[in-house]
Each structure stands twice: as structure tokens, then as C-alpha cells.
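S.K.: My structure is below; once you've seen it, I'll send some questions.
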Amino acid sequence: MNVRSTTFTDRKALWKTLQQGDSNWDMVIVGGGIIGAGILREAARRGIKALLVEQQDFASGTSSRSSKMVHGGLRYISHGDIKLTRDSLSERERLLREVPGLIDRMGYFFTLRKGQFPGRFVFGLLLALYDWLAGIKNHRYFNKASVQQQFSGINSHGLNGAMYYTDTVTDDARLVLRLLQDATEAGGVAVNYMKVESLLKTEGQVTGVVIKNSENAEQVEIQCKSVVNATGAWADRLRNEVNPEKRIRPLRGSHLVLPMAKLPVKDALTLFHPVDKRPVFIFPWEGTTVVGTTDLDHNEDLDKEPVISEQELAYLLEAVDALFPQHSLSRDDILSTWSGVRPVIGSDEAKDPSKERRDHAVWHDKGLVTVSGGKLTTFRLIALDAIKAAGETLGNIEILESDDCIFKPPGITATELNIADQQWAQRLIGRYGKHAKTLLAEATDAERLPIETTAFCLAECRWAARNESVVHLDDLMLRRTRLGSILEHGGESLFPAIEQICAQELNWDAELWNRELARYREIWRKRYYLPGS
């Protein structure tokens, strides 16, 4: 088979082009997370010749390790940040309309207990404002009996009821990939495993970058009109080449993934943790139940993938035990974990991490535009601010106006996929856009079947290996799909089928497969399972 498509950038062909110096770039974007992908998407749509480079895999940092929620940020209202909440809710509703199946509405139950603040009345006022800002009305009160019926085994001691509202859930890594897919189709160029080693400067002004190919250690100098630093938690590192200021406070958030059978929930459930009264979520995701999140200063090496600590694991299990004491869940029940580092704007470590603001900032230093902070939900608005800041260094090129949509209509409907399960068909369209039909057509009947209890299929693995710049096995198992996080033992049962796909699509021989398998197992065991594994 092994017919390569142009869905994503051809890494080898691009590297040759960069070495030959044949391209004149308007913009180089550093960082392949949600913000970098959003900037590339908006730049390409506006006629800006842009190149995005990512030192690891796309979305390998914070953008595959978030809490999976595209939400307005209810707590931002209580902090008085109405603008951030309004912008977030507007973007949330837009994404729901444009990519159903990738962004899905989910119910949230906020438990109310005796002596707890806020109570029903105050919380109802907050939700009324929340819905009004979103242009919807779906919040309501559930009494104690209704909550007990909704969540079997919930701790009823002191329970008065729950306030219900809605936000949305997503696969954050797939959202990044959809953005990159649209961006490359609009003329943008995105490449992974290429690191910006340093900035090029002319008379003190930034005029380009030095890029190192992580696969062969070769380097090349790239001249451009504008460099945008969208490296998130790493933003200070590149910015400090032109400005010594430290503005990023890295905060770690960790999560547990449990089998749905062990802790069955149909909607998200929010409680105040019994120790520090922080809100903790228990919610359904990809056929599993997720518990999160923590909010701690991350003082570890940013170049090492973050990992949950024993203290965080105990903290999250304590939250589960407080809400569902009858389930008696322990670390032995955990399928996997993940930890992400949030790039929060603020340097006062004496301040409670959970009280730091979550808005973004843009700095312009001697030709380098740096953007960091913000929320998954508002990536488009952050991207527009970054492009505006880069305008003065782009020179006389005409920046075209773009239409208002984030994702262009895919030109295909769920019924056209000829699948009995229309919800699954919409899921594929949300995740792959117009390519969903080709994805199914190029797979065997067996590869279209769901994998165990998940909504993934091997057809997606084949498509990703063929089209989505997969370099390592962890790219495929942890980001192109989430099979490594939602199946037992990191998806060990799938390895024979995945090996065959990688041999056919990536030309991996037995020796290379064994190296990649060893690499993946080590990453999964150390970074996506229990601490100290």
C-alpha cells in the first residue's frame, strides 16, 4: 500500500528545501501546540507564508495533557473576569457548531452540601449569568434524590442536591491536528521534531532562526520577516535571548484515568476537595472515567515530560473516595495517568496557583513576538492577537482578511459515510474533516470495527501513520489516538496489529519496531502510568 498523501508536511522534502534556502518565509512559528497551530491556521488564511516548527511531536506538551474541556471558565466569573468568560463562551459555542464530534456538549453537576458556599441561590445566579453570556439557557437544580439516581453510590451525607449546567469536552491533541490539517491545506507548513536552537539577529533585531533536525542533528539557518514564539511553558527560554524578563509560572495539573466499569459516570461531577476545597472534576472521556486536576508549581526540568507525583495520586484518590466511598478505588484500578504543565502568566510563587489569572499575554521584543498563557478554548483569539503584534515586522505584505469561521465546512455529512452509527460517523468527521470518507475507504472491514470498548478503530491508526507525520510509536498511541491512555497496559494487546500497520505505512522493519516498542513502553511506564513504575 504505502501511498503517501500530502495531508501533512513531508518532513524529508521540507528539510531539503530548508537546506537549499529556496523559500522566503514571512513568518516562522515556534511551537506546535494549540496556540502555534492556531497562529499557523490564521496566518495561512491571510496569505502569510508561514512555517511552524515543533521540537518534539505536535501537541506533545500541554496541548495533549489538558483537562480536555473547552469551557467558559465558570470560576472566572466569581473572580470578576467577565470578559475572559464571555470570550471563552463565545468561542465554545462557535466550536460546537463547527466541529461537532470533536467538540461535544457535556452535562456538569456541581454538588451542593450543607454549610457549603456557594449555595443553591448564589450558584444559580452565577449559572444564569454564565448561560446568558453564552446565549443559551440550560442550567437547573437537581434535588438529592435525583442526584443519587444520576450517580449510583454517591456519598449522600450532607448532600442537598446539585446545580446542573453544560460545558464541552474534546480530545485536545486531535483538535491541534485538525487545526494543522486545515492550516496546511490553506498553504501553511508544519513540521515536527525540528527544534529552534537559537534566534538570528541583525543589528540587534530578530531576523530568523537556527533549526536543528532532531532526527539527524543537522542544522539550518532560516531568514524570515517575523518570528513568533508560541512555546507555552517554554516561552521565557526563547524570549530571554532578547529580553531577560521572567513571566511564565509553570503549573502542573495531573489526572487519573479509570475504567468506566469501576467508576461509571454519564456526566461530569464537580466537588470541592475535602482537604483544600479546590474544585475537582470526575468526568467521562473516551470510554473511561477521568479524575482531575491538581494545580501545583512545576519546578522540574521542562525538557522532561511531566509525571504525576505520589502526593497528587493520593490527593485525587482521596477526592474519589470522598464522593464515592462505596467504590473503594485504589491505585491498582488506575489505567493510566497524565500530567500537563500550564503556562500561567505570573511569577509570584507565594500566590495560590489556583488563583492565578488564566488570560494570555503578548510581548514584542526586537522583532520577536512571544505569546503565552490563555486557555484552550480561546486559541483563535490568542492567535489573532499574535498576528496583529507581528504586523509591524511583516513589512509591506498585504494581510488578507479571513472569514469568521474557525473550521471551514467539511463538505460531507454523517449520512454520506454510510455507517449505521451516525454518532460515530459524526465523530470521524469532527476529527478528520473531509478526509473521514477516505479514511474509511482505505481501510479493511476489520479495521473499521471499534477497538475493544473504545470509539477508536485501526483505520484511524493506518490513516495517521500514512498521513499525519508519525515519527515514533508514542506519536501514534498517545496523540494521534489515545489508545495508550485508555486501554490496559498502554494498549499492549494491539501491538501485533499496530506493528503490521507501521511496517506497511512507515516501512518499519522488525529491528526498528522493537526499538520503537521499547521506547514507547519506557515513556508510558514512566510518564503515563503510576509514579515510580
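To be explicit about the labels: the chains of the C-alpha cells are called A, B, and onward in the order shown, and within each one the residues are counted from 1, while ligands get numbers from 1 in the order they are shown.
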For the alpha helix (DSSP H) assignment from backbone DSSP, which residues of stretch 5-158 of chain A qualify? Please present them as a count of residues only.

M.R.: 66

S.K.: Determine, counting only C-alpha atoms, which protein, DNA and RNA residues have an atom within 12 Å of an atom of A:Asn243; residues of the same chain fewer than 2 positions away are not included. Present the result as a list in words.

M.R.: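 Selected residues are Gly204, Gln205, Val206, Ala235, Asp236, Arg237, Leu238, Arg239, Asn240, Glu241, Glu245, Lys246, Arg247, Trp363, His364, Asp365, Lys366, Gly367, Leu368, Val369 and Thr370 of chain A.
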
S.K.: With distances taken over only C-alpha atoms, which residue among A:Arg431, A:Glu93, A:Ala173, A:Glu98 lies nearest A:Gly135?

M.R.: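 Of all the options, A:Glu93 lies closest to A:Gly135.
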
S.K.: From the list A:Gly490, A:Gly38, A:Gly21, A:Gly72, which residue is nearest A:Asp385 when using only C-alpha atoms?

M.R.: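 Looking at the shortest contact to A:Asp385, the residue is A:Gly38.
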
S.K.: One number please: atom CA of A:Leu263 to atom CA of A:His327, in Å, one decimal.

M.R.: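 Atom CA of A:His327 lies at a distance of 7.4 Å from atom CA of A:Leu263.
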
S.K.: So, counting only C-alpha atoms, which residue among A:Gly188, A:Gly153, A:Gly411, A:Pro343 is closest to A:Leu376?

M.R.: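 Once distances to A:Leu376 are computed over only C-alpha atoms, the minimum belongs to A:Pro343.
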
S.K.: Find the distance between atom CA of A:Phe281 and atom CA of A:Glu305 and write it in Å to one decimal.

M.R.: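 Between atom CA of A:Phe281 and atom CA of A:Glu305 the gap works out to 23.1 Å.
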
S.K.: Using only C-alpha atoms, which protein or nucleic acid residues come within 12 Å of A:Val196? Drop anything in the same chain fewer than 2 positions from it, and give the result as number ranges by chain.

M.R.: A: 28-32, 51-56, 191-194, 198-200, 208-214, 217-222, 227-231, 234, 237-238

S.K.: In Å, rounded to a single decimal, give me how far atom CA of A:Val344 is from atom CA of A:Leu251.

M.R.: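 Separation of atom CA of A:Leu251 and atom CA of A:Val344: 7.0 Å.
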
S.K.: Neighbours of A:Leu449 within 12 Å (only C-alpha atoms; same-chain residues fewer than 3 positions away dropped), as number ranges by chain?

M.R.: A: 419, 421, 424, 440, 443-446, 452-460

S.K.: Using only C-alpha atoms, which residues sit within 10 Å of A:Leu530 once same-chain residues fewer than 5 positions away are excluded, as an MDAnalysis selection string?

M.R.: chainID A and resid 256 307:310 313 331:332 334:338 524:525

S.K.: For N, CA and C atoms, I'd like the residues from the last selection saved as an mmCIF file, in the first residue's frame.

M.R.:
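Final output, saved to part-v5.cif:
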```
data_model
loop_
_atom_site.group_PDB
_atom_site.id
_atom_site.type_symbol
_atom_site.label_atom_id
_atom_site.label_comp_id
_atom_site.auth_asym_id
_atom_site.auth_seq_id
_atom_site.Cartn_x
_atom_site.Cartn_y
_atom_site.Cartn_z
ATOM 1 N N LEU A 256 -6.058 11.183 36.679
ATOM 2 C CA LEU A 256 -6.148 9.729 36.719
ATOM 3 C C LEU A 256 -7.152 9.261 35.673
ATOM 4 N N VAL A 307 5.266 14.231 35.163
ATOM 5 C CA VAL A 307 4.704 12.978 35.664
ATOM 6 C C VAL A 307 3.988 13.244 36.971
ATOM 7 N N ILE A 308 2.921 12.507 37.201
ATOM 8 C CA ILE A 308 2.167 12.647 38.443
ATOM 9 C C ILE A 308 3.029 12.194 39.621
ATOM 10 N N SER A 309 2.892 12.896 40.741
ATOM 11 C CA SER A 309 3.638 12.530 41.948
ATOM 12 C C SER A 309 2.771 11.628 42.822
ATOM 13 N N GLU A 310 3.406 10.979 43.800
ATOM 14 C CA GLU A 310 2.662 10.154 44.751
ATOM 15 C C GLU A 310 1.648 11.003 45.512
ATOM 16 N N LEU A 313 -1.343 11.700 43.257
ATOM 17 C CA LEU A 313 -2.147 10.492 43.105
ATOM 18 C C LEU A 313 -3.021 10.281 44.340
ATOM 19 N N ARG A 331 -4.997 2.556 43.725
ATOM 20 C CA ARG A 331 -4.065 2.732 42.625
ATOM 21 C C ARG A 331 -4.056 1.531 41.687
ATOM 22 N N ASP A 332 -4.439 0.372 42.187
ATOM 23 C CA ASP A 332 -4.463 -0.825 41.339
ATOM 24 C C ASP A 332 -5.550 -0.754 40.265
ATOM 25 N N ILE A 334 -6.169 1.953 38.475
ATOM 26 C CA ILE A 334 -5.854 3.026 37.528
ATOM 27 C C ILE A 334 -5.329 2.465 36.210
ATOM 28 N N LEU A 335 -5.937 2.904 35.098
ATOM 29 C CA LEU A 335 -5.478 2.516 33.762
ATOM 30 C C LEU A 335 -4.225 3.280 33.372
ATOM 31 N N SER A 336 -4.246 4.579 33.594
ATOM 32 C CA SER A 336 -3.121 5.428 33.210
ATOM 33 C C SER A 336 -3.253 6.765 33.928
ATOM 34 N N THR A 337 -2.265 7.604 33.746
ATOM 35 C CA THR A 337 -2.296 8.967 34.274
ATOM 36 C C THR A 337 -1.747 9.899 33.198
ATOM 37 N N TRP A 338 -1.957 11.179 33.379
ATOM 38 C CA TRP A 338 -1.202 12.150 32.578
ATOM 39 C C TRP A 338 -1.032 13.434 33.392
ATOM 40 N N TRP A 524 5.630 5.266 28.411
ATOM 41 C CA TRP A 524 4.326 5.022 29.028
ATOM 42 C C TRP A 524 4.476 4.683 30.505
ATOM 43 N N ARG A 525 5.413 3.809 30.823
ATOM 44 C CA ARG A 525 5.578 3.361 32.198
ATOM 45 C C ARG A 525 6.014 4.508 33.114
#
```

S.K.: Skip A:Phe121 itself and residues of its chain fewer than 4 positions away, then list as a PDB file with N, CA and C atoms, in the first residue's frame all residues within 12 Å of it, counting only C-alpha atoms.

M.R.:
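What ended up in around_22.pdb:
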```pdb
ATOM      1  N   LEU A 112     -24.006  20.216  45.920  1.00  0.00           N
ATOM      2  CA  LEU A 112     -24.291  21.189  46.967  1.00  0.00           C
ATOM      3  C   LEU A 112     -24.461  20.445  48.285  1.00  0.00           C
ATOM      4  N   GLN A 116     -22.015  24.556  52.767  1.00  0.00           N
ATOM      5  CA  GLN A 116     -21.047  24.837  51.691  1.00  0.00           C
ATOM      6  C   GLN A 116     -21.392  26.142  50.988  1.00  0.00           C
ATOM      7  N   PHE A 117     -20.360  26.883  50.640  1.00  0.00           N
ATOM      8  CA  PHE A 117     -20.549  28.089  49.823  1.00  0.00           C
ATOM      9  C   PHE A 117     -19.877  27.862  48.464  1.00  0.00           C
ATOM     10  N   LEU A 125     -27.448  32.115  40.507  1.00  0.00           N
ATOM     11  CA  LEU A 125     -27.204  33.422  39.892  1.00  0.00           C
ATOM     12  C   LEU A 125     -25.983  33.386  38.978  1.00  0.00           C
ATOM     13  N   LEU A 126     -24.912  32.709  39.446  1.00  0.00           N
ATOM     14  CA  LEU A 126     -23.702  32.581  38.627  1.00  0.00           C
ATOM     15  C   LEU A 126     -24.013  31.840  37.318  1.00  0.00           C
ATOM     16  N   LEU A 127     -24.796  30.779  37.424  1.00  0.00           N
ATOM     17  CA  LEU A 127     -25.123  29.994  36.224  1.00  0.00           C
ATOM     18  C   LEU A 127     -26.053  30.748  35.282  1.00  0.00           C
ATOM     19  N   ALA A 128     -26.932  31.554  35.842  1.00  0.00           N
ATOM     20  CA  ALA A 128     -27.804  32.372  34.987  1.00  0.00           C
ATOM     21  C   ALA A 128     -26.962  33.339  34.153  1.00  0.00           C
ATOM     22  N   ARG A 140     -30.079  24.153  35.682  1.00  0.00           N
ATOM     23  CA  ARG A 140     -31.223  23.850  36.532  1.00  0.00           C
ATOM     24  C   ARG A 140     -30.734  23.160  37.806  1.00  0.00           C
ATOM     25  N   TYR A 141     -31.669  22.983  38.726  1.00  0.00           N
ATOM     26  CA  TYR A 141     -31.363  22.367  40.017  1.00  0.00           C
ATOM     27  C   TYR A 141     -31.845  20.924  40.041  1.00  0.00           C
ATOM     28  N   ALA A 162     -27.737  19.245  43.559  1.00  0.00           N
ATOM     29  CA  ALA A 162     -26.663  19.686  42.656  1.00  0.00           C
ATOM     30  C   ALA A 162     -27.219  20.691  41.664  1.00  0.00           C
ATOM     31  N   MET A 163     -26.378  21.631  41.289  1.00  0.00           N
ATOM     32  CA  MET A 163     -26.696  22.550  40.199  1.00  0.00           C
ATOM     33  C   MET A 163     -26.136  21.959  38.910  1.00  0.00           C
TER      34      MET A 163
END
```

S.K.: Can you work out which one of A:Glu499, A:Asp22, A:Asp182, A:Asp359 has the shortest atom-to-atom distance to A:Ile39, counting only C-alpha atoms?

M.R.: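 When distances to A:Ile39 are compared using only C-alpha atoms, the smallest one comes from A:Asp182.
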
S.K.: Find the residues around A:Lys144 up to 12 Å (only C-alpha atoms counted), leave out those fewer than 2 positions away in its own chain, and share them as a ChimeraX atom specification.

M.R.: /A:109-114,141-142,146-151,154-163

S.K.: Could the residues in this selection be written to a file with C-alpha atoms, as a compact mmCIF listing (two decimals), in the first residue's frame?

M.R.:
```txt
# COMPACT_ATOMS: atom_id res chain seq x y z
CA PHE A 109 -23.29 18.51 38.13
CA PHE A 110 -21.92 20.71 40.92
CA THR A 111 -22.74 19.06 44.24
CA LEU A 112 -24.29 21.19 46.97
CA ARG A 113 -23.80 20.19 50.61
CA LYS A 114 -24.88 21.61 53.95
CA TYR A 141 -31.36 22.37 40.02
CA PHE A 142 -31.40 18.63 40.82
CA SER A 146 -32.27 12.95 41.51
CA VAL A 147 -28.53 13.25 42.08
CA GLN A 148 -28.44 9.85 43.77
CA GLN A 149 -30.31 8.37 40.82
CA GLN A 150 -27.91 10.02 38.37
CA PHE A 151 -24.75 8.89 40.20
CA ILE A 154 -22.56 8.90 45.59
CA ASN A 155 -21.90 9.97 49.16
CA SER A 156 -25.27 11.25 50.43
CA HIS A 157 -24.00 12.58 53.77
CA GLY A 158 -24.87 16.27 53.90
CA LEU A 159 -25.90 16.25 50.23
CA ASN A 160 -28.62 18.76 49.40
CA GLY A 161 -28.62 18.36 45.62
CA ALA A 162 -26.66 19.69 42.66
CA MET A 163 -26.70 22.55 40.20
```

S.K.: Would you mind writing down, as a PyMOL selection string, each residue of stretch 302-439 of chain A that DSSP on the backbone assigns to strand (DSSP E)?

M.R.: chain A and resi 336-345+360-365+368-373

S.K.: How would the residues just chosen look if you wrote them out with N, CA and C atoms as an mmCIF file, in the first residue's frame?

M.R.:
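Ended up saving to result34.cif:
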```cif
data_model
loop_
_atom_site.group_PDB
_atom_site.id
_atom_site.type_symbol
_atom_site.label_atom_id
_atom_site.label_comp_id
_atom_site.auth_asym_id
_atom_site.auth_seq_id
_atom_site.Cartn_x
_atom_site.Cartn_y
_atom_site.Cartn_z
ATOM 1 N N SER A 336 -4.246 4.579 33.594
ATOM 2 C CA SER A 336 -3.121 5.428 33.210
ATOM 3 C C SER A 336 -3.253 6.765 33.928
ATOM 4 N N THR A 337 -2.265 7.604 33.746
ATOM 5 C CA THR A 337 -2.296 8.967 34.274
ATOM 6 C C THR A 337 -1.747 9.899 33.198
ATOM 7 N N TRP A 338 -1.957 11.179 33.379
ATOM 8 C CA TRP A 338 -1.202 12.150 32.578
ATOM 9 C C TRP A 338 -1.032 13.434 33.392
ATOM 10 N N SER A 339 0.036 14.136 33.106
ATOM 11 C CA SER A 339 0.318 15.420 33.747
ATOM 12 C C SER A 339 0.682 16.433 32.670
ATOM 13 N N GLY A 340 0.174 17.630 32.827
ATOM 14 C CA GLY A 340 0.483 18.703 31.897
ATOM 15 C C GLY A 340 0.968 19.927 32.644
ATOM 16 N N VAL A 341 1.760 20.765 31.963
ATOM 17 C CA VAL A 341 2.278 21.984 32.572
ATOM 18 C C VAL A 341 1.600 23.186 31.930
ATOM 19 N N ARG A 342 0.874 23.927 32.711
ATOM 20 C CA ARG A 342 0.161 25.106 32.215
ATOM 21 C C ARG A 342 1.094 26.317 32.231
ATOM 22 N N PRO A 343 1.142 27.079 31.154
ATOM 23 C CA PRO A 343 1.964 28.297 31.144
ATOM 24 C C PRO A 343 1.152 29.493 31.642
ATOM 25 N N VAL A 344 1.159 29.711 32.921
ATOM 26 C CA VAL A 344 0.375 30.788 33.513
ATOM 27 C C VAL A 344 1.228 32.044 33.608
ATOM 28 N N ILE A 345 0.635 33.184 33.279
ATOM 29 C CA ILE A 345 1.353 34.457 33.357
ATOM 30 C C ILE A 345 1.372 34.916 34.806
ATOM 31 N N HIS A 360 -4.152 35.471 28.557
ATOM 32 C CA HIS A 360 -2.886 35.373 27.839
ATOM 33 C C HIS A 360 -2.208 36.736 27.755
ATOM 34 N N ALA A 361 -0.957 36.714 27.333
ATOM 35 C CA ALA A 361 -0.196 37.942 27.140
ATOM 36 C C ALA A 361 0.629 37.816 25.866
ATOM 37 N N VAL A 362 0.868 38.967 25.218
ATOM 38 C CA VAL A 362 1.692 39.027 24.006
ATOM 39 C C VAL A 362 2.756 40.092 24.220
ATOM 40 N N TRP A 363 4.018 39.729 23.967
ATOM 41 C CA TRP A 363 5.124 40.672 24.087
ATOM 42 C C TRP A 363 5.849 40.778 22.747
ATOM 43 N N HIS A 364 6.309 41.979 22.429
ATOM 44 C CA HIS A 364 7.062 42.203 21.188
ATOM 45 C C HIS A 364 8.432 42.757 21.580
ATOM 46 N N ASP A 365 9.496 41.960 21.359
ATOM 47 C CA ASP A 365 10.845 42.344 21.761
ATOM 48 C C ASP A 365 11.791 42.258 20.564
ATOM 49 N N LEU A 368 10.873 39.842 17.911
ATOM 50 C CA LEU A 368 10.336 38.554 18.369
ATOM 51 C C LEU A 368 8.998 38.783 19.057
ATOM 52 N N VAL A 369 7.965 38.119 18.543
ATOM 53 C CA VAL A 369 6.657 38.154 19.192
ATOM 54 C C VAL A 369 6.523 36.903 20.057
ATOM 55 N N THR A 370 6.239 37.078 21.331
ATOM 56 C CA THR A 370 6.039 35.958 22.250
ATOM 57 C C THR A 370 4.609 35.988 22.756
ATOM 58 N N VAL A 371 3.954 34.841 22.714
ATOM 59 C CA VAL A 371 2.588 34.718 23.228
ATOM 60 C C VAL A 371 2.544 33.517 24.146
ATOM 61 N N SER A 372 1.902 33.683 25.303
ATOM 62 C CA SER A 372 1.790 32.570 26.240
ATOM 63 C C SER A 372 0.593 32.811 27.141
ATOM 64 N N GLY A 373 0.292 31.799 27.966
ATOM 65 C CA GLY A 373 -0.876 31.874 28.827
ATOM 66 C C GLY A 373 -2.137 31.570 28.042
#
```

S.K.: Could you check the closest approach to A:Ala414 for each of A:Pro100, A:Ser64, A:Pro118, A:Trp508 and tell me which residue wins, using only C-alpha atoms?

M.R.: A:Pro100
